[in-house]
Each structure stands twice: as structure tokens, then as C-alpha cells.
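A.B. asks: Below is the file protein_21.txt, with compact mmCIF, C-alpha atoms and all ligand atoms.
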```txt
# COMPACT_ATOMS: atom_id res chain seq x y z
CA MET A 580 14.51 -15.22 -9.51
CA ILE A 581 12.40 -12.71 -7.60
CA GLU A 582 13.76 -10.16 -5.15
CA PRO A 583 11.60 -10.81 -2.04
CA SER A 584 12.54 -7.59 -0.27
CA TYR A 585 10.98 -5.64 -3.17
CA TYR A 586 7.61 -7.06 -2.16
CA LEU A 587 7.85 -6.44 1.58
CA SER A 588 6.16 -3.40 3.07
CA ASN A 589 8.42 -0.55 4.11
CA THR A 590 7.00 -0.70 7.65
CA VAL A 591 7.88 -4.36 8.07
CA LYS A 592 11.36 -3.74 6.68
CA SER A 593 11.92 -0.89 9.10
CA ILE A 594 11.01 -2.91 12.20
CA LYS A 595 13.82 -4.69 14.03
CA PRO A 596 13.34 -8.26 15.33
CA SER A 597 12.97 -8.48 19.13
CA GLY A 598 16.34 -8.39 20.88
CA ILE A 599 15.21 -11.05 23.35
CA ARG A 600 15.23 -13.78 20.71
CA LYS A 601 18.99 -13.65 20.18
CA PHE A 602 19.63 -14.58 23.81
CA PHE A 603 17.03 -17.36 23.80
CA ASP A 604 18.64 -18.92 20.76
CA LEU A 605 22.12 -18.70 22.26
CA ALA A 606 20.94 -20.07 25.65
CA ALA A 607 19.05 -22.91 23.94
CA SER A 608 22.25 -24.05 22.21
CA MET A 609 24.10 -24.41 25.54
CA GLU A 610 23.83 -26.94 28.37
CA GLY A 611 23.39 -26.22 32.08
CA VAL A 612 21.98 -22.73 31.56
CA ILE A 613 19.76 -21.20 34.26
CA SER A 614 17.35 -19.00 32.43
CA LEU A 615 16.12 -15.85 34.09
CA GLY A 616 15.31 -14.61 30.62
CA VAL A 617 11.81 -15.67 29.81
CA GLY A 618 8.81 -13.61 30.81
CA GLU A 619 6.52 -16.36 31.90
CA PRO A 620 5.40 -18.17 35.04
CA ASP A 621 7.21 -21.36 36.05
CA PHE A 622 3.89 -22.88 37.18
CA VAL A 623 1.93 -25.28 35.04
CA THR A 624 -1.68 -24.16 34.54
CA SER A 625 -3.93 -25.44 37.36
CA TRP A 626 -5.19 -28.97 36.85
CA SER A 627 -8.88 -28.02 37.08
CA VAL A 628 -8.34 -25.51 34.26
CA ARG A 629 -6.63 -28.09 32.08
CA GLU A 630 -9.40 -30.55 32.94
CA ALA A 631 -12.08 -28.05 31.83
CA CYS A 632 -10.33 -27.84 28.48
CA ILE A 633 -10.19 -31.63 28.17
CA LEU A 634 -13.87 -31.88 29.08
CA SER A 635 -14.80 -29.34 26.42
CA LEU A 636 -12.96 -31.45 23.85
CA GLU A 637 -14.66 -34.64 25.09
CA GLN A 638 -17.97 -32.90 24.63
CA GLY A 639 -17.00 -32.00 21.09
CA PHE A 640 -16.90 -28.22 21.50
CA THR A 641 -14.51 -27.74 18.64
CA SER A 642 -16.23 -25.09 16.50
CA TYR A 643 -15.78 -21.33 16.36
CA THR A 644 -17.32 -19.34 19.18
CA ALA A 645 -19.03 -15.97 18.80
CA ASN A 646 -16.51 -13.46 17.41
CA ALA A 647 -16.37 -11.65 20.74
CA GLY A 648 -15.89 -14.93 22.63
CA LEU A 649 -18.21 -17.24 24.59
CA LEU A 650 -20.83 -15.18 26.37
CA GLU A 651 -20.33 -17.27 29.49
CA LEU A 652 -16.66 -16.30 29.51
CA ARG A 653 -17.44 -12.62 28.91
CA ASN A 654 -19.87 -12.77 31.83
CA GLU A 655 -17.15 -14.23 34.05
CA ILE A 656 -14.68 -11.57 32.88
CA SER A 657 -17.23 -8.85 33.61
CA TYR A 658 -17.79 -10.22 37.11
CA TYR A 659 -14.05 -10.55 37.72
CA LEU A 660 -13.27 -7.03 36.44
CA ARG A 661 -15.91 -5.59 38.74
CA LYS A 662 -14.10 -7.27 41.62
CA ILE A 663 -10.54 -6.28 40.77
CA THR A 664 -11.00 -2.92 39.02
CA LYS A 665 -14.20 -1.87 40.82
CA THR A 666 -15.60 -0.99 37.41
CA HIS A 667 -18.51 -2.50 35.53
CA TYR A 668 -18.21 -3.62 31.90
CA ASP A 669 -21.15 -4.97 29.95
CA ALA A 670 -20.46 -8.54 28.81
CA ASN A 671 -22.47 -8.15 25.63
CA GLU A 672 -21.08 -4.95 24.25
CA GLU A 673 -17.92 -3.94 26.07
CA ILE A 674 -15.82 -7.09 26.44
CA LEU A 675 -13.93 -8.85 23.66
CA VAL A 676 -11.97 -12.08 24.12
CA THR A 677 -8.68 -12.01 22.19
CA VAL A 678 -5.69 -14.16 21.32
CA GLY A 679 -3.58 -13.09 24.27
CA ALA A 680 -3.13 -9.56 25.53
CA SER A 681 -0.79 -9.24 22.54
CA GLN A 682 -3.69 -9.27 20.09
CA ALA A 683 -5.65 -6.98 22.38
CA ILE A 684 -2.89 -4.34 22.18
CA ASP A 685 -2.67 -4.73 18.42
CA LEU A 686 -6.45 -4.38 18.02
CA ALA A 687 -6.60 -1.35 20.28
CA LEU A 688 -3.90 0.41 18.27
CA ARG A 689 -5.32 -0.51 14.90
CA ALA A 690 -8.76 0.68 16.00
CA ILE A 691 -7.62 4.16 17.04
CA VAL A 692 -4.48 5.14 15.10
CA ASN A 693 -4.55 7.18 11.90
CA THR A 694 -1.40 7.71 9.87
CA GLY A 695 0.70 10.32 11.61
CA ASP A 696 -0.91 9.96 15.03
CA GLU A 697 1.55 9.86 17.90
CA VAL A 698 1.25 7.29 20.64
CA ILE A 699 3.26 7.78 23.81
CA VAL A 700 5.23 4.77 25.01
CA ILE A 701 7.18 4.70 28.26
CA ASP A 702 10.87 3.82 27.92
CA PRO A 703 11.77 1.15 29.00
CA SER A 704 8.71 -0.89 28.15
CA PHE A 705 7.40 -4.20 26.85
CA VAL A 706 9.06 -4.83 23.49
CA SER A 707 5.84 -5.00 21.45
CA TYR A 708 4.41 -1.54 22.04
CA ALA A 709 6.51 0.63 19.72
CA PRO A 710 6.55 -1.85 16.79
CA LEU A 711 2.78 -2.34 17.07
CA VAL A 712 2.25 1.44 17.01
CA GLU A 713 4.31 1.57 13.81
CA LEU A 714 2.48 -1.36 12.25
CA ALA A 715 -0.77 0.50 12.94
CA GLY A 716 0.61 3.48 11.00
CA GLY A 717 1.38 5.64 14.01
CA THR A 718 4.52 7.16 15.45
CA PRO A 719 5.71 5.97 18.84
CA VAL A 720 6.94 8.82 21.04
CA LEU A 721 9.15 7.53 23.81
CA ILE A 722 9.31 9.07 27.27
CA SER A 723 12.47 8.24 29.22
CA THR A 724 12.13 7.18 32.82
CA ARG A 725 14.93 6.84 35.36
CA GLY A 726 16.10 4.06 37.60
CA GLU A 727 16.52 6.58 40.43
CA GLU A 728 12.74 7.16 40.21
CA GLU A 729 11.97 3.44 39.93
CA PHE A 730 11.17 4.06 36.27
CA LYS A 731 7.93 5.80 37.20
CA LEU A 732 6.40 8.09 34.60
CA GLN A 733 6.83 11.68 35.79
CA PRO A 734 3.83 13.96 35.08
CA GLU A 735 6.11 16.78 33.82
CA ALA A 736 7.74 14.42 31.31
CA LEU A 737 4.31 13.40 30.07
CA GLU A 738 3.26 17.05 29.64
CA GLU A 739 6.41 17.70 27.64
CA ALA A 740 5.91 14.77 25.28
CA ILE A 741 2.37 15.71 24.28
CA THR A 742 1.95 17.44 20.92
CA GLU A 743 -1.05 18.28 18.76
CA HIS A 744 -0.58 14.87 17.12
CA THR A 745 -0.71 12.84 20.33
CA LYS A 746 -3.68 10.51 20.36
CA ALA A 747 -2.98 8.02 23.10
CA ILE A 748 -0.57 6.70 25.70
CA ILE A 749 0.19 3.11 26.60
CA LEU A 750 0.47 2.51 30.33
CA CYS A 751 1.55 -0.71 32.01
CA SER A 752 1.40 -1.24 35.76
CA PRO A 753 2.73 -3.55 37.12
CA ASN A 754 5.39 -3.06 34.51
CA ASN A 755 7.46 -5.28 32.27
CA PRO A 756 10.52 -5.01 32.41
CA THR A 757 10.85 -3.00 35.62
CA GLY A 758 8.24 -4.57 37.92
CA THR A 759 7.26 -1.05 38.95
CA VAL A 760 3.74 -0.49 40.22
CA LEU A 761 2.12 2.95 39.99
CA GLU A 762 0.15 3.86 43.09
CA LYS A 763 -3.33 5.27 42.93
CA LYS A 764 -2.22 8.83 43.61
CA GLU A 765 0.41 8.57 40.88
CA LEU A 766 -2.21 7.33 38.45
CA GLU A 767 -4.44 10.24 39.45
CA LYS A 768 -1.73 12.75 38.53
CA ILE A 769 -1.30 11.10 35.14
CA ALA A 770 -5.09 11.04 34.68
CA GLU A 771 -5.28 14.82 35.19
CA ILE A 772 -2.93 15.36 32.26
CA ILE A 773 -4.71 12.79 30.12
CA GLU A 774 -7.97 14.61 30.73
CA LYS A 775 -6.50 18.04 30.15
CA HIS A 776 -5.15 17.02 26.74
CA ASP A 777 -8.12 14.82 25.86
CA LEU A 778 -6.05 11.68 25.22
CA LEU A 779 -6.92 8.01 25.10
CA VAL A 780 -5.19 5.40 27.23
CA ILE A 781 -4.36 1.81 26.48
CA SER A 782 -3.87 0.36 29.93
CA ASP A 783 -2.04 -2.96 29.82
CA GLU A 784 -2.96 -4.65 33.10
CA ILE A 785 -1.76 -8.14 32.27
CA TYR A 786 0.11 -8.33 35.61
CA ALA A 787 -2.87 -7.11 37.68
CA GLU A 788 -2.95 -10.27 39.80
CA LEU A 789 0.73 -10.01 40.66
CA THR A 790 1.14 -7.09 43.04
CA TYR A 791 2.87 -7.74 46.33
CA ASP A 792 2.85 -4.70 48.59
CA GLU A 793 -0.24 -2.62 47.90
CA GLU A 794 -3.75 -3.22 46.74
CA TYR A 795 -3.80 -3.19 42.96
CA ALA A 796 -5.10 0.05 41.44
CA SER A 797 -6.55 -0.20 37.95
CA PHE A 798 -6.33 2.87 35.72
CA VAL A 799 -10.03 2.53 34.86
CA SER A 800 -10.94 3.00 38.53
CA ILE A 801 -9.52 6.56 38.46
CA ALA A 802 -12.30 9.14 38.15
CA GLY A 803 -13.10 10.01 34.52
CA MET A 804 -10.75 7.42 33.02
CA ARG A 805 -13.12 4.57 32.18
CA GLU A 806 -14.56 6.39 29.18
CA ARG A 807 -11.15 7.12 27.68
CA THR A 808 -9.34 3.89 28.49
CA ILE A 809 -9.02 0.63 26.62
CA LEU A 810 -8.25 -1.93 29.28
CA VAL A 811 -6.11 -4.82 28.08
CA SER A 812 -5.52 -7.94 30.12
CA GLY A 813 -5.45 -11.72 29.94
CA PHE A 814 -4.71 -15.07 31.48
CA SER A 815 -1.03 -15.56 30.59
CA LYS A 816 0.66 -14.24 33.72
CA GLY A 817 -1.56 -14.33 36.83
CA PHE A 818 -3.23 -17.59 35.80
CA ALA A 819 -0.05 -19.17 34.37
CA MET A 820 -1.63 -19.70 30.94
CA THR A 821 0.87 -18.25 28.44
CA GLY A 822 0.50 -21.08 25.94
CA TRP A 823 -3.30 -20.92 25.87
CA ARG A 824 -3.16 -17.58 24.05
CA LEU A 825 -6.08 -15.94 25.75
CA GLY A 826 -6.58 -12.32 26.63
CA TYR A 827 -9.31 -9.72 26.58
CA VAL A 828 -10.22 -6.11 26.08
CA ALA A 829 -12.72 -4.10 28.10
CA ALA A 830 -13.74 -0.68 26.85
CA ARG A 831 -16.81 1.41 26.17
CA LYS A 832 -18.76 -0.03 23.31
CA GLU A 833 -17.61 2.44 20.65
CA PHE A 834 -14.05 1.19 21.11
CA SER A 835 -14.72 -2.48 21.77
CA GLN A 836 -17.08 -2.76 18.79
CA ALA A 837 -14.49 -1.09 16.54
CA MET A 838 -11.94 -3.65 17.71
CA LEU A 839 -14.47 -6.44 17.17
CA LYS A 840 -14.79 -5.30 13.55
CA ILE A 841 -11.07 -5.93 12.98
CA HIS A 842 -11.05 -9.09 15.09
CA GLN A 843 -13.91 -10.73 13.17
CA TYR A 844 -12.03 -10.39 9.89
CA ALA A 845 -8.48 -10.92 11.12
CA MET A 846 -8.97 -13.67 13.72
CA MET A 847 -12.64 -14.79 13.85
CA CYS A 848 -12.37 -15.76 17.51
CA ALA A 849 -9.92 -16.85 20.20
CA PRO A 850 -9.29 -20.61 20.53
CA THR A 851 -12.47 -22.34 21.71
CA MET A 852 -10.89 -24.87 24.07
CA ALA A 853 -8.84 -22.14 25.75
CA GLN A 854 -12.04 -20.16 26.33
CA TYR A 855 -13.63 -23.10 28.18
CA ALA A 856 -10.49 -23.41 30.27
CA ALA A 857 -10.60 -19.69 31.10
CA ILE A 858 -14.18 -19.93 32.38
CA GLU A 859 -12.95 -22.48 34.91
CA ALA A 860 -9.92 -20.32 35.75
CA LEU A 861 -12.17 -17.41 36.70
CA LYS A 862 -14.80 -19.53 38.46
CA ASN A 863 -12.56 -21.74 40.57
CA GLY A 864 -8.94 -20.80 39.93
CA LEU A 865 -8.48 -17.73 42.09
CA GLU A 866 -7.11 -19.61 45.09
CA ASP A 867 -4.35 -20.96 42.89
CA VAL A 868 -3.61 -17.44 41.66
CA ASP A 869 -3.27 -16.37 45.26
CA HIS A 870 -0.93 -19.22 46.00
CA MET A 871 1.26 -18.31 43.00
CA ARG A 872 1.29 -14.65 44.02
CA LYS A 873 2.56 -15.57 47.49
CA SER A 874 5.24 -17.76 46.01
CA TYR A 875 6.47 -15.00 43.65
CA ARG A 876 6.52 -12.55 46.55
CA GLN A 877 8.75 -14.84 48.58
CA ARG A 878 11.09 -15.27 45.63
CA ARG A 879 11.14 -11.55 44.91
CA ASN A 880 12.23 -10.81 48.46
CA LEU A 881 15.05 -13.32 48.33
CA PHE A 882 16.20 -12.43 44.84
CA VAL A 883 16.10 -8.64 45.05
CA GLY A 884 17.66 -8.64 48.54
CA SER A 885 20.56 -10.74 47.27
CA LEU A 886 21.09 -8.65 44.12
CA ASN A 887 21.53 -5.58 46.31
CA GLU A 888 23.98 -7.46 48.53
CA ILE A 889 25.97 -8.46 45.45
CA GLY A 890 26.18 -4.77 44.55
CA LEU A 891 23.69 -4.71 41.68
CA THR A 892 21.40 -1.98 42.96
CA CYS A 893 17.77 -2.85 42.44
CA HIS A 894 14.57 -1.15 43.60
CA VAL A 895 12.02 -3.46 45.16
CA PRO A 896 9.61 -4.18 42.31
CA GLY A 897 6.03 -4.05 43.57
CA GLY A 898 4.65 -6.43 40.95
CA ALA A 899 5.06 -8.79 37.97
CA PHE A 900 8.00 -11.22 38.30
CA TYR A 901 10.91 -9.13 37.12
CA ALA A 902 13.87 -7.55 38.86
CA PHE A 903 15.63 -4.79 36.92
CA PRO A 904 18.97 -4.24 38.65
CA SER A 905 21.52 -1.65 37.64
CA ILE A 906 24.79 -2.97 36.26
CA LYS A 907 26.28 0.51 36.01
CA SER A 908 28.86 -0.36 38.69
CA THR A 909 30.46 -2.66 36.12
CA SER A 910 32.01 -1.08 33.07
CA LEU A 911 29.96 -3.24 30.73
CA SER A 912 27.02 -2.34 28.53
CA SER A 913 23.87 -4.30 29.30
CA GLU A 914 24.35 -6.37 26.18
CA GLN A 915 27.98 -7.18 27.05
CA PHE A 916 26.97 -8.03 30.62
CA ALA A 917 24.20 -10.39 29.47
CA GLU A 918 26.38 -12.04 26.84
CA ARG A 919 29.35 -12.59 29.14
CA LEU A 920 27.16 -13.77 32.04
CA LEU A 921 25.65 -16.35 29.71
CA LEU A 922 28.92 -17.53 28.20
CA GLU A 923 31.00 -17.46 31.39
CA GLU A 924 28.48 -18.44 34.08
CA LYS A 925 25.58 -19.88 32.10
CA VAL A 926 22.92 -17.55 33.46
CA ALA A 927 20.55 -16.04 30.90
CA VAL A 928 19.17 -12.57 31.55
CA VAL A 929 17.90 -9.91 29.13
CA PRO A 930 19.89 -6.71 28.48
CA GLY A 931 17.86 -3.66 29.51
CA SER A 932 18.63 -1.96 26.19
CA VAL A 933 16.21 -4.37 24.51
CA PHE A 934 13.37 -2.49 26.22
CA GLY A 935 14.50 0.97 25.14
CA GLU A 936 17.37 3.40 25.58
CA SER A 937 16.50 4.11 29.21
CA GLY A 938 16.98 0.42 29.94
CA GLU A 939 20.69 0.67 29.12
CA GLY A 940 22.73 0.08 32.28
CA TYR A 941 20.20 -2.47 33.58
CA ILE A 942 19.34 -6.11 33.05
CA ARG A 943 15.99 -7.84 33.34
CA CYS A 944 15.92 -10.98 35.46
CA SER A 945 12.74 -12.99 35.76
CA TYR A 946 12.50 -14.55 39.23
CA ALA A 947 9.79 -16.99 38.12
CA SER A 948 12.21 -19.87 38.72
CA SER A 949 12.52 -22.31 41.61
CA LEU A 950 14.21 -21.06 44.79
CA GLU A 951 17.04 -23.55 44.21
CA GLN A 952 17.63 -22.24 40.69
CA LEU A 953 17.48 -18.65 41.89
CA GLN A 954 20.01 -19.36 44.63
CA GLU A 955 22.37 -21.04 42.18
CA ALA A 956 21.91 -18.17 39.69
CA LEU A 957 22.71 -15.65 42.44
CA LYS A 958 25.88 -17.55 43.31
CA ARG A 959 26.97 -17.43 39.68
CA ILE A 960 26.08 -13.74 39.28
CA ASP A 961 28.04 -12.93 42.45
CA ARG A 962 31.07 -14.83 41.12
CA PHE A 963 30.77 -13.08 37.75
CA VAL A 964 30.51 -9.59 39.25
CA LYS A 965 33.47 -10.21 41.62
CA LYS A 966 35.56 -11.31 38.65
CA LEU A 967 34.96 -8.12 36.66
N1 LIG B 1 1.86 -7.06 27.95
C1 LIG B 1 2.96 -7.23 28.70
C2 LIG B 1 3.42 -6.08 29.54
C3 LIG B 1 3.66 -8.43 28.71
O1 LIG B 1 4.74 -8.57 29.47
C4 LIG B 1 3.19 -9.49 27.88
C5 LIG B 1 3.90 -10.83 27.80
N2 LIG B 1 5.25 -10.81 27.98
C6 LIG B 1 2.05 -9.27 27.11
C7 LIG B 1 1.41 -8.06 27.17
C8 LIG B 1 1.50 -10.32 26.19
O2 LIG B 1 0.80 -11.31 26.88
P1 LIG B 1 -0.02 -12.44 26.17
O3 LIG B 1 0.69 -13.73 26.44
O4 LIG B 1 -1.37 -12.41 26.84
O5 LIG B 1 -0.12 -12.14 24.73
```
Output the structure of this file as C-alpha cells.
Ligand code: PMP
C.D. replies:
Amino acid sequence: MIEPSYYLSNTVKSIKPSGIRKFFDLAASMEGVISLGVGEPDFVTSWSVREACILSLEQGFTSYTANAGLLELRNEISYYLRKITKTHYDANEEILVTVGASQAIDLALRAIVNTGDEVIVIDPSFVSYAPLVELAGGTPVLISTRGEEEFKLQPEALEEAITEHTKAIILCSPNNPTGTVLEKKELEKIAEIIEKHDLLVISDEIYAELTYDEEYASFVSIAGMRERTILVSGFSKGFAMTGWRLGYVAARKEFSQAMLKIHQYAMMCAPTMAQYAAIEALKNGLEDVDHMRKSYRQRRNLFVGSLNEIGLTCHVPGGAFYAFPSIKSTSLSSEQFAERLLLEEKVAVVPGSVFGESGEGYIRCSYASSLEQLQEALKRIDRFVKKL
């Protein structure tokens, strides 16, 4: 008999499984649950995009692509990025197609982190950042943000967190789990500090298409930031393509080619059929993206307005499809709240603590559900809160 744990790496042993899973598993074992838990669109990928995939299969395009992805797709990404970020990236040398934004984040970290390097992560944040920093051999340094400030990174807090070991910071706007969008002038203040301390930025802009109140501001469009930013994005959210596993990286060639080096050994290339689908998504799918954005905006307004009426204070999230209301008026922890709401009223949400200590006292609700489902969920949440 072998002792498997003897063989596992210390890093893997030290990493905790994602706290979201537990609630999915519990919700999946129950009937009649309305799930506001999952972080994905409720739309099916546009038909023309699915058709482009089918056509590529009919034509027999089933081999590997270039390691960096189909050049035609990289050209489309370059054209699209110029439109939405107002920044040019060379399709040949600066863009790399990845297996979701998830792989893009992993590659970016593995390409830049040496053992002992610190990488700043905003708390609360997407669950993957800190574990991926650790897997890359780095140390995540968390900066707390506050609900009263809509969980926006404060420049003074950033200054304080920087040490001689800091190499990079991961930014995410619009944000998961808070839905917060950083405005251009806020990004400019952060950029000043980044420049002063000569840091790199991994800018996760996976929700770029989903901003509702202001024109989207990409971090790479801020003066001086393109050269020190690895832009990470993909098709999962705005294009409703989570299952296709397609993302990309755009960065100056020294960074993108370093990531390509890892990618060519670890992954070879992103799925070929998904790449053909993504070409169609960028060429002809933008009207559908616009339609989805409008629909999320309508749902956001209804959902967040009602949460506030129920007494769960919630800032109006400017992007993504998450509301992050405070549950501090109840005496429950976010985990207790989520567990009891699921068991007593069959509504699945994610406890804020899953996203970091600063998320305690909040829950994440995805409003990417039908209006009918949202209304029913709100009724149940109202009943639950009144009962407490
Ligand atoms: N970044 C953020 C902020 C996310 O919320 C997610 C998905 N939940 C990802 C990256 C990963 O996206 P993908 O499906 O492209 O891997």
C-alpha cells in the first residue's frame, strides 16, 4: 500500500478546494432550487457561432492549430481589441489564444513569477487568482476593499501593500464577485502607483463587454500601461461561450512569447473547433452581445432594486452579472446565510467569504437567470430575511 499524500507536492496540499463547489454539490442534490450561484450566462451561444463550429467539423478541420492559435482568429482579436481598448496588438507576435481566460491567467503568472515574488490580489476577488499565484511559486498579498467604497481598490491601500518583493498586481474590472467597474480616472490613479513602483499588471478583462452605465475603460488604454500590462480576456462571458474554453492574452511580445513557450509544451493549442466558432463570434456576433448586455442591464436594475427594498443593501454594480449585497443586517455569517437560504428556501447563492475575508458579510448572486426565476428568487429571499 502506498501513501499517496507522500507523493503530492506541498503546494498542492496547501491549496484549499474552491468553496463554491460545496454549494453546487448540495444544490444539485435538491429539487426545485433556483440557482443564483453559477458565474455564467444563461444564454446559449449564438446559433451562427455554433454553426461555424459545425461547418469547421464538416470540412474536417480537426487537427492542431498553430500553438498561438489560428492566425485568422488572432487577426480578428487584434481588430476587436483595437475597437474596445483603443490599443493595437500585433496578431503575429502579441496575441495568444488560450484555453479560457483561466489558462491565460495561469500562463501570465507562470511566465513572470519567481519563487518569493509577491503578487497583489484584491480581496474579494475571483477564486482562482491567489491559488494560481501560489502554484506559480509566488506569494499572494491580499488588499482588503470595503463594501462602503463599492469594493474599489484605494490607491493608499495599494501603496501600503507594495514591498521590495512585489512584482505584479492582478486587476479585474468589471469585477467578479462584486460587479464593480473602475472608472478611467480611478484606473489612472492606480496606474501612477504602478509606474512609480515599476510593477507589472495582469488585467483580467473577461467582463469587458458587460458594462452598463459607462463606456468601458481598458487598463491598457491608460497612458504608459500597455507596455507593463498582460491583458487577459476571452469569450466565456460576453459571448456566452463558457463551455467552449476559449480565451486570449494580449501583451508586448516579450511577455506573450514567454507565455507561448509554456503554452506550446503544456497545452499545444486551444481547441480547434472552438477557434473557428470564435472567428464567427467576432465577425458577426457583436449584435447578439449587445442584445445580451441590454438584457442583463434590465435584470440588474430589477434585481438590485429589489434587494435594497428587501433590506439587503447593495451598491449598483456597473458590470458583469453579479450583485454582492450585504447580509450584515442579519446575524448570520455569509456561509450560514447561504446554507440556510438553500435548505429553507431553495435559493442557491455563494457566500462572500469564498472570495476572501473582505467578502464576509456579503453574498454573491448571479442575476444571469430569467426574469421569472429572479422574481421568484426575490420572493423567497424576502420571506427568508423576514423570518430571521
Ligand atoms: N476571470 C474571471 C474574473 C472570471 O469570473 C472567470 C470565470 N468565472 C474567469 C476569469 C475564467 O473564465 P474562462 O471561462 O474564460 O476560463
A.B. asks: Around ligand LIG 1 (chain B), at most 10 Å away and counting only C-alpha atoms and all ligand atoms, which residues are there? Put them as a short mmCIF file (atom, residue, chain, number, x, y, z; two decimals) with C-alpha atoms, in the frame of the given file, please.
C.D. replies:
```
data_model
loop_
_atom_site.label_atom_id
_atom_site.label_comp_id
_atom_site.auth_asym_id
_atom_site.auth_seq_id
_atom_site.Cartn_x
_atom_site.Cartn_y
_atom_site.Cartn_z
CA VAL A 617 11.81 -15.67 29.81
CA GLY A 618 8.81 -13.61 30.81
CA GLU A 619 6.52 -16.36 31.90
CA THR A 677 -8.68 -12.01 22.19
CA VAL A 678 -5.69 -14.16 21.32
CA GLY A 679 -3.58 -13.09 24.27
CA ALA A 680 -3.13 -9.56 25.53
CA SER A 681 -0.79 -9.24 22.54
CA GLN A 682 -3.69 -9.27 20.09
CA ALA A 683 -5.65 -6.98 22.38
CA ILE A 684 -2.89 -4.34 22.18
CA SER A 704 8.71 -0.89 28.15
CA PHE A 705 7.40 -4.20 26.85
CA VAL A 706 9.06 -4.83 23.49
CA SER A 707 5.84 -5.00 21.45
CA TYR A 708 4.41 -1.54 22.04
CA LEU A 750 0.47 2.51 30.33
CA CYS A 751 1.55 -0.71 32.01
CA SER A 752 1.40 -1.24 35.76
CA PRO A 753 2.73 -3.55 37.12
CA ASN A 754 5.39 -3.06 34.51
CA ASN A 755 7.46 -5.28 32.27
CA PRO A 756 10.52 -5.01 32.41
CA GLY A 758 8.24 -4.57 37.92
CA SER A 782 -3.87 0.36 29.93
CA ASP A 783 -2.04 -2.96 29.82
CA GLU A 784 -2.96 -4.65 33.10
CA ILE A 785 -1.76 -8.14 32.27
CA TYR A 786 0.11 -8.33 35.61
CA VAL A 811 -6.11 -4.82 28.08
CA SER A 812 -5.52 -7.94 30.12
CA GLY A 813 -5.45 -11.72 29.94
CA PHE A 814 -4.71 -15.07 31.48
CA SER A 815 -1.03 -15.56 30.59
CA LYS A 816 0.66 -14.24 33.72
CA ALA A 819 -0.05 -19.17 34.37
CA MET A 820 -1.63 -19.70 30.94
CA THR A 821 0.87 -18.25 28.44
CA GLY A 822 0.50 -21.08 25.94
CA TRP A 823 -3.30 -20.92 25.87
CA ARG A 824 -3.16 -17.58 24.05
CA LEU A 825 -6.08 -15.94 25.75
CA GLY A 826 -6.58 -12.32 26.63
CA TYR A 827 -9.31 -9.72 26.58
CA ALA A 899 5.06 -8.79 37.97
CA PHE A 900 8.00 -11.22 38.30
CA TYR A 901 10.91 -9.13 37.12
#
```
A.B. asks: Using all atoms listed in the file, pick whichever of A:Glu713, A:Glu743, A:Glu806, A:Asp621 has the shortest atom-to-atom distance to Ala770 in chain A.
C.D. replies: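 When distances to Ala770 in chain A are compared using all atoms listed in the file, the smallest one comes from A:Glu806.
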A.B. asks: Between CA of Lys746 in chain A and CA of Asp702 in chain A, what is the distance, to one decimal in Å?
C.D. replies: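 Calculated distance between CA of Lys746 in chain A and CA of Asp702 in chain A is 17.7 Å.
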A.B. asks: Which is closest to Glu729 in chain A among A:Val895, A:Leu839, A:Ile801, A:Leu587, if we use all atoms listed in the file?
C.D. replies: A:Val895
A.B. asks: Box for range 695-703 of chain A: with edges along x, y and z, all listed atoms inside and 5 Å added on each side, what are the centre and edge lengths in Å to one decimal, as lines of an AutoDock Vina configuration file?
C.D. replies:
```
center_x = 5.4
center_y = 5.7
center_z = 20.3
size_x = 22.7
size_y = 19.2
size_z = 27.4
```
A.B. asks: Work out how far CA of Gln952 in chain A is from CA of Ser608 in chain A, in Å to one decimal.
C.D. replies: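 Between these atoms lies a distance of 19.1 Å.
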A.B. asks: Given the choices A:Leu675, A:Leu865, A:Ala736, A:Ile581, which gets closest to Ala849 in chain A if the distance is worked out from only C-alpha atoms?
C.D. replies: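 Going through A:Leu675, A:Leu865, A:Ala736, A:Ile581 one by one, the smallest distance to Ala849 in chain A is for A:Leu675.
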A.B. asks: Which neighbours of Lys601 in chain A fall inside 12 Å, counting all atoms listed in the file, when residues of the same chain fewer than 6 positions from it are skipped, and could you give them as a ChimeraX atom specification?
C.D. replies: /A:607-608,616,914,917-918,921,927-930,933
A.B. asks: Return the single residue from A:Ala845, A:Met852, A:Asn589, A:Ala829 that is closest to Leu634 in chain A, with distances computed using all atoms listed in the file.
C.D. replies: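 Checking each of A:Ala845, A:Met852, A:Asn589, A:Ala829 against Leu634 in chain A, counting all atoms listed in the file, the winner is A:Met852.
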A.B. asks: Restricting the calculation to all atoms listed in the file, which member of A:Ala690, A:Leu789, A:Ala857, A:Met580 is positioned closest to Ala947 in chain A?
C.D. replies: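 Checking each candidate against Ala947 in chain A, we get A:Leu789 as the closest.
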A.B. asks: Do you have the CA of Glu955 in chain A-CA of Leu881 in chain A distance handy?
C.D. replies: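 So the two atoms, CA of Glu955 in chain A and CA of Leu881 in chain A, lie 12.3 Å apart.
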A.B. asks: Which residue gives the smallest distance to Gln954 in chain A among A:Phe818, A:Phe882, A:Tyr875, A:Phe730, with all atoms listed in the file counted?
C.D. replies: A:Phe882
A.B. asks: Using all atoms listed in the file, which protein or nucleic acid residues come within 6 Å of Gly935 in chain A? Drop anything in the same chain fewer than 3 positions from it, and give the result as a list in words.
C.D. replies: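 Close residues of Gly935 in chain A: Asp702, Pro703, Ser932 and Gly938 of chain A.
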A.B. asks: Neighbours of Pro734 in chain A within 9 Å (all atoms listed in the file; same-chain residues fewer than 3 positions away dropped), as a ChimeraX atom specification?
C.D. replies: /A:737-739,765,768-769,772
A.B. asks: Just the residues within 10 Å of Ile889 in chain A, please, counting all atoms listed in the file, with nothing from its chain fewer than 3 positions along; format it as a PyMOL selection string.
C.D. replies: chain A and resi 883-886+892+957-958+960-962+964-965
